[in-house]
Amino acid sequence: MKIGEIAKKAGVGVETVRYYERQHIIRQPLRPTGGGFRAYPPEIVSQIRFIRRAQDLGFSLKEVEELLSLKTDPSVDCGEIQARATKKRREVNEKIEDLRQIRNALDAVIDACPGGGSLKACSIIEEMENG
């Protein structure tokens, strides 16, 4: 299959496929010696779908690359994948808590703002300057 066909079947753009190749997450097939288009194996479609789904779940490209290598290692136990997913969930929960704290701080400065008048009296600007 050509790169355009692979991209379409995987639900991504051609540039996404090329990006994954540049990042060495998927292998770029060799160009035929007589010229012409590279021929991609059909399993690239499932690899790209795997990459996209893992990214949707919050995994970085580096983590996705590690997951792909684990996926092809017959000695890896499912528990290793579960441990990585559990770690990612913990990171997501920490980010959620950080965002809650930011929201609460914003709520406090917004509530303290008179909502009108001179910028010299703006409590939001004052809070950001003085912390």
# chains A, B, ... in the order shown; residues from 1 in each chain; ligands from 1
$ residues_around --residues "segment 2-17 of chain A" --least-positions-apart "5" --cutoff "9 Å" --atoms "only C-alpha atoms" --output "list of chain:residue names"
A:Arg22, A:Ile26, A:Phe37, A:Arg38, A:Ala39, A:Tyr40, A:Pro41, A:Pro42, A:Ile44, A:Val45, A:Ser46, A:Gln47, A:Ile48, A:Arg49, A:Arg52
$ atom_distance --atom1 "atom CA of Arg53 of chain A" --atom2 "atom CA of Arg100 of chain A"
25.9 Å
$ residues_around --residues "segment 62-64 of chain A" --least-positions-apart "5" --cutoff "9 Å" --atoms "only C-alpha atoms" --output "list of chain:residue names"
A:Ile25, A:Phe50, A:Ile51, A:Ala54, A:Gln55, A:Ser69, A:Arg84
$ write_last_selection --atoms "C-alpha atoms" --output "compact mmCIF listing (two decimals), in the first residue's frame"
# COMPACT_ATOMS: atom_id res chain seq x y z
CA ILE A 25 7.90 5.04 15.93
CA PHE A 50 -2.49 1.87 18.35
CA ILE A 51 -0.30 4.98 18.49
CA ALA A 54 -2.40 5.49 23.22
CA GLN A 55 -1.94 9.23 22.65
CA SER A 69 8.36 -2.50 21.86
CA ARG A 84 2.37 1.60 32.89
$ residues_around --residues "Met128 of chain A" --least-positions-apart "2" --cutoff "12 Å" --atoms "only C-alpha atoms" --output "JSON, numbers by chain"
{"A": [105, 106, 109, 110, 122, 123, 124, 125, 126, 130, 131]}
$ write_last_selection --atoms "C-alpha atoms" --output "mmCIF file, in the first residue's frame"
data_model
loop_
_atom_site.group_PDB
_atom_site.id
_atom_site.type_symbol
_atom_site.label_atom_id
_atom_site.label_comp_id
_atom_site.auth_asym_id
_atom_site.auth_seq_id
_atom_site.Cartn_x
_atom_site.Cartn_y
_atom_site.Cartn_z
ATOM 1 C CA ALA A 105 -7.014 30.381 42.686
ATOM 2 C CA LEU A 106 -8.616 31.961 39.609
ATOM 3 C CA VAL A 109 -8.989 36.487 42.254
ATOM 4 C CA ILE A 110 -12.045 36.832 39.995
ATOM 5 C CA CYS A 122 -7.562 45.956 39.609
ATOM 6 C CA SER A 123 -7.153 43.236 42.212
ATOM 7 C CA ILE A 124 -6.310 40.611 39.573
ATOM 8 C CA ILE A 125 -3.349 42.635 38.264
ATOM 9 C CA GLU A 126 -2.283 43.333 41.841
ATOM 10 C CA ASN A 130 2.496 40.645 44.241
ATOM 11 C CA GLY A 131 1.533 36.958 44.364
#
$ select_by_dssp --residues "segment 8-61 of chain A" --states "alpha helix (DSSP H)" --output "PDB file with C-alpha atoms, in the first residue's frame"
ATOM      1  CA  LYS A   8      -6.620   6.960   4.988  1.00  0.00           C
ATOM      2  CA  LYS A   9      -7.167   3.485   6.461  1.00  0.00           C
ATOM      3  CA  ALA A  10      -5.576   4.559   9.754  1.00  0.00           C
ATOM      4  CA  VAL A  14       0.004  11.599   5.341  1.00  0.00           C
ATOM      5  CA  GLU A  15       2.054  14.088   7.367  1.00  0.00           C
ATOM      6  CA  THR A  16       1.203  12.162  10.544  1.00  0.00           C
ATOM      7  CA  VAL A  17       2.578   8.974   9.006  1.00  0.00           C
ATOM      8  CA  ARG A  18       5.722  10.824   7.956  1.00  0.00           C
ATOM      9  CA  TYR A  19       6.068  12.345  11.430  1.00  0.00           C
ATOM     10  CA  TYR A  20       5.870   8.906  13.057  1.00  0.00           C
ATOM     11  CA  GLU A  21       8.538   7.735  10.621  1.00  0.00           C
ATOM     12  CA  ARG A  22      10.823  10.666  11.485  1.00  0.00           C
ATOM     13  CA  GLU A  43       0.083  -4.017   9.718  1.00  0.00           C
ATOM     14  CA  ILE A  44       1.240  -0.386   9.719  1.00  0.00           C
ATOM     15  CA  VAL A  45      -2.444   0.598   9.838  1.00  0.00           C
ATOM     16  CA  SER A  46      -2.972  -1.168  13.166  1.00  0.00           C
ATOM     17  CA  GLN A  47       0.290   0.277  14.521  1.00  0.00           C
ATOM     18  CA  ILE A  48      -0.831   3.808  13.676  1.00  0.00           C
ATOM     19  CA  ARG A  49      -4.245   3.198  15.226  1.00  0.00           C
ATOM     20  CA  PHE A  50      -2.491   1.873  18.348  1.00  0.00           C
ATOM     21  CA  ILE A  51      -0.298   4.984  18.486  1.00  0.00           C
ATOM     22  CA  ARG A  52      -3.281   7.320  18.129  1.00  0.00           C
ATOM     23  CA  ARG A  53      -5.332   5.521  20.796  1.00  0.00           C
ATOM     24  CA  ALA A  54      -2.397   5.491  23.217  1.00  0.00           C
ATOM     25  CA  GLN A  55      -1.940   9.228  22.649  1.00  0.00           C
ATOM     26  CA  ASP A  56      -5.668   9.745  23.264  1.00  0.00           C
ATOM     27  CA  LEU A  61       5.196   9.417  21.879  1.00  0.00           C
TER      28      LEU A  61
END
$ atom_distance --atom1 "atom CA of Lys88 of chain A" --atom2 "atom CA of Ser60 of chain A"
9.9 Å
$ atom_distance --atom1 "atom CA of Lys87 of chain A" --atom2 "atom CA of His24 of chain A"
24.1 Å
$ residues_around --residues "Ala108 of chain A" --least-positions-apart "5" --cutoff "12 Å" --atoms "only C-alpha atoms" --output "list in words"
Gln101, Ile102, Arg103, Cys113, Ser123, Ile124 and Glu127 of chain A
$ decode --residues "segment 13-93 of chain A" --atoms "C-alpha atoms" --output "mmCIF file, in the first residue's frame"
data_model
loop_
_atom_site.group_PDB
_atom_site.id
_atom_site.type_symbol
_atom_site.label_atom_id
_atom_site.label_comp_id
_atom_site.auth_asym_id
_atom_site.auth_seq_id
_atom_site.Cartn_x
_atom_site.Cartn_y
_atom_site.Cartn_z
ATOM 1 C CA GLY A 13 -3.024 12.467 7.411
ATOM 2 C CA VAL A 14 0.004 11.599 5.341
ATOM 3 C CA GLU A 15 2.054 14.088 7.367
ATOM 4 C CA THR A 16 1.203 12.162 10.544
ATOM 5 C CA VAL A 17 2.578 8.974 9.006
ATOM 6 C CA ARG A 18 5.722 10.824 7.956
ATOM 7 C CA TYR A 19 6.068 12.345 11.430
ATOM 8 C CA TYR A 20 5.870 8.906 13.057
ATOM 9 C CA GLU A 21 8.538 7.735 10.621
ATOM 10 C CA ARG A 22 10.823 10.666 11.485
ATOM 11 C CA GLN A 23 10.318 9.905 15.175
ATOM 12 C CA HIS A 24 11.189 6.238 14.482
ATOM 13 C CA ILE A 25 7.901 5.041 15.930
ATOM 14 C CA ILE A 26 7.035 3.238 12.719
ATOM 15 C CA ARG A 27 9.478 1.967 10.146
ATOM 16 C CA GLN A 28 9.626 3.593 6.765
ATOM 17 C CA PRO A 29 9.777 0.984 4.005
ATOM 18 C CA LEU A 30 12.716 1.093 1.646
ATOM 19 C CA ARG A 31 12.243 2.852 -1.663
ATOM 20 C CA PRO A 32 12.259 0.385 -4.570
ATOM 21 C CA THR A 33 15.640 0.290 -6.301
ATOM 22 C CA GLY A 34 14.116 1.035 -9.692
ATOM 23 C CA GLY A 35 12.232 4.044 -8.327
ATOM 24 C CA GLY A 36 8.558 4.371 -7.584
ATOM 25 C CA PHE A 37 6.560 4.430 -4.388
ATOM 26 C CA ARG A 38 7.354 2.798 -1.081
ATOM 27 C CA ALA A 39 5.142 -0.182 -0.295
ATOM 28 C CA TYR A 40 3.792 -0.196 3.260
ATOM 29 C CA PRO A 41 2.763 -3.468 4.872
ATOM 30 C CA PRO A 42 -0.873 -3.660 6.016
ATOM 31 C CA GLU A 43 0.083 -4.017 9.718
ATOM 32 C CA ILE A 44 1.240 -0.386 9.719
ATOM 33 C CA VAL A 45 -2.444 0.598 9.838
ATOM 34 C CA SER A 46 -2.972 -1.168 13.166
ATOM 35 C CA GLN A 47 0.290 0.277 14.521
ATOM 36 C CA ILE A 48 -0.831 3.808 13.676
ATOM 37 C CA ARG A 49 -4.245 3.198 15.226
ATOM 38 C CA PHE A 50 -2.491 1.873 18.348
ATOM 39 C CA ILE A 51 -0.298 4.984 18.486
ATOM 40 C CA ARG A 52 -3.281 7.320 18.129
ATOM 41 C CA ARG A 53 -5.332 5.521 20.796
ATOM 42 C CA ALA A 54 -2.397 5.491 23.217
ATOM 43 C CA GLN A 55 -1.940 9.228 22.649
ATOM 44 C CA ASP A 56 -5.668 9.745 23.264
ATOM 45 C CA LEU A 57 -5.139 8.015 26.615
ATOM 46 C CA GLY A 58 -2.386 10.491 27.497
ATOM 47 C CA PHE A 59 0.737 8.542 26.621
ATOM 48 C CA SER A 60 3.599 10.557 25.123
ATOM 49 C CA LEU A 61 5.196 9.417 21.879
ATOM 50 C CA LYS A 62 8.200 8.144 23.839
ATOM 51 C CA GLU A 63 5.877 6.100 26.055
ATOM 52 C CA VAL A 64 4.003 4.845 22.979
ATOM 53 C CA GLU A 65 7.291 3.719 21.470
ATOM 54 C CA GLU A 66 8.048 1.797 24.674
ATOM 55 C CA LEU A 67 4.578 0.226 24.632
ATOM 56 C CA LEU A 68 5.055 -0.845 21.021
ATOM 57 C CA SER A 69 8.363 -2.500 21.856
ATOM 58 C CA LEU A 70 6.786 -4.259 24.839
ATOM 59 C CA LYS A 71 3.884 -5.356 22.640
ATOM 60 C CA THR A 72 6.269 -7.232 20.359
ATOM 61 C CA ASP A 73 8.295 -8.822 23.171
ATOM 62 C CA PRO A 74 6.928 -12.305 23.904
ATOM 63 C CA SER A 75 8.576 -12.362 27.342
ATOM 64 C CA VAL A 76 6.596 -9.336 28.578
ATOM 65 C CA ASP A 77 3.753 -10.014 30.960
ATOM 66 C CA CYS A 78 0.440 -8.154 30.784
ATOM 67 C CA GLY A 79 1.194 -6.852 34.272
ATOM 68 C CA GLU A 80 3.921 -4.625 32.814
ATOM 69 C CA ILE A 81 1.402 -2.912 30.564
ATOM 70 C CA GLN A 82 -1.041 -2.579 33.450
ATOM 71 C CA ALA A 83 1.687 -0.992 35.589
ATOM 72 C CA ARG A 84 2.375 1.596 32.894
ATOM 73 C CA ALA A 85 -1.323 2.358 32.491
ATOM 74 C CA THR A 86 -1.680 2.678 36.272
ATOM 75 C CA LYS A 87 1.278 5.070 36.372
ATOM 76 C CA LYS A 88 -0.284 7.143 33.576
ATOM 77 C CA ARG A 89 -3.594 7.287 35.470
ATOM 78 C CA ARG A 90 -1.733 8.519 38.575
ATOM 79 C CA GLU A 91 -0.075 11.248 36.478
ATOM 80 C CA VAL A 92 -3.455 12.256 35.044
ATOM 81 C CA ASN A 93 -4.956 12.448 38.532
#
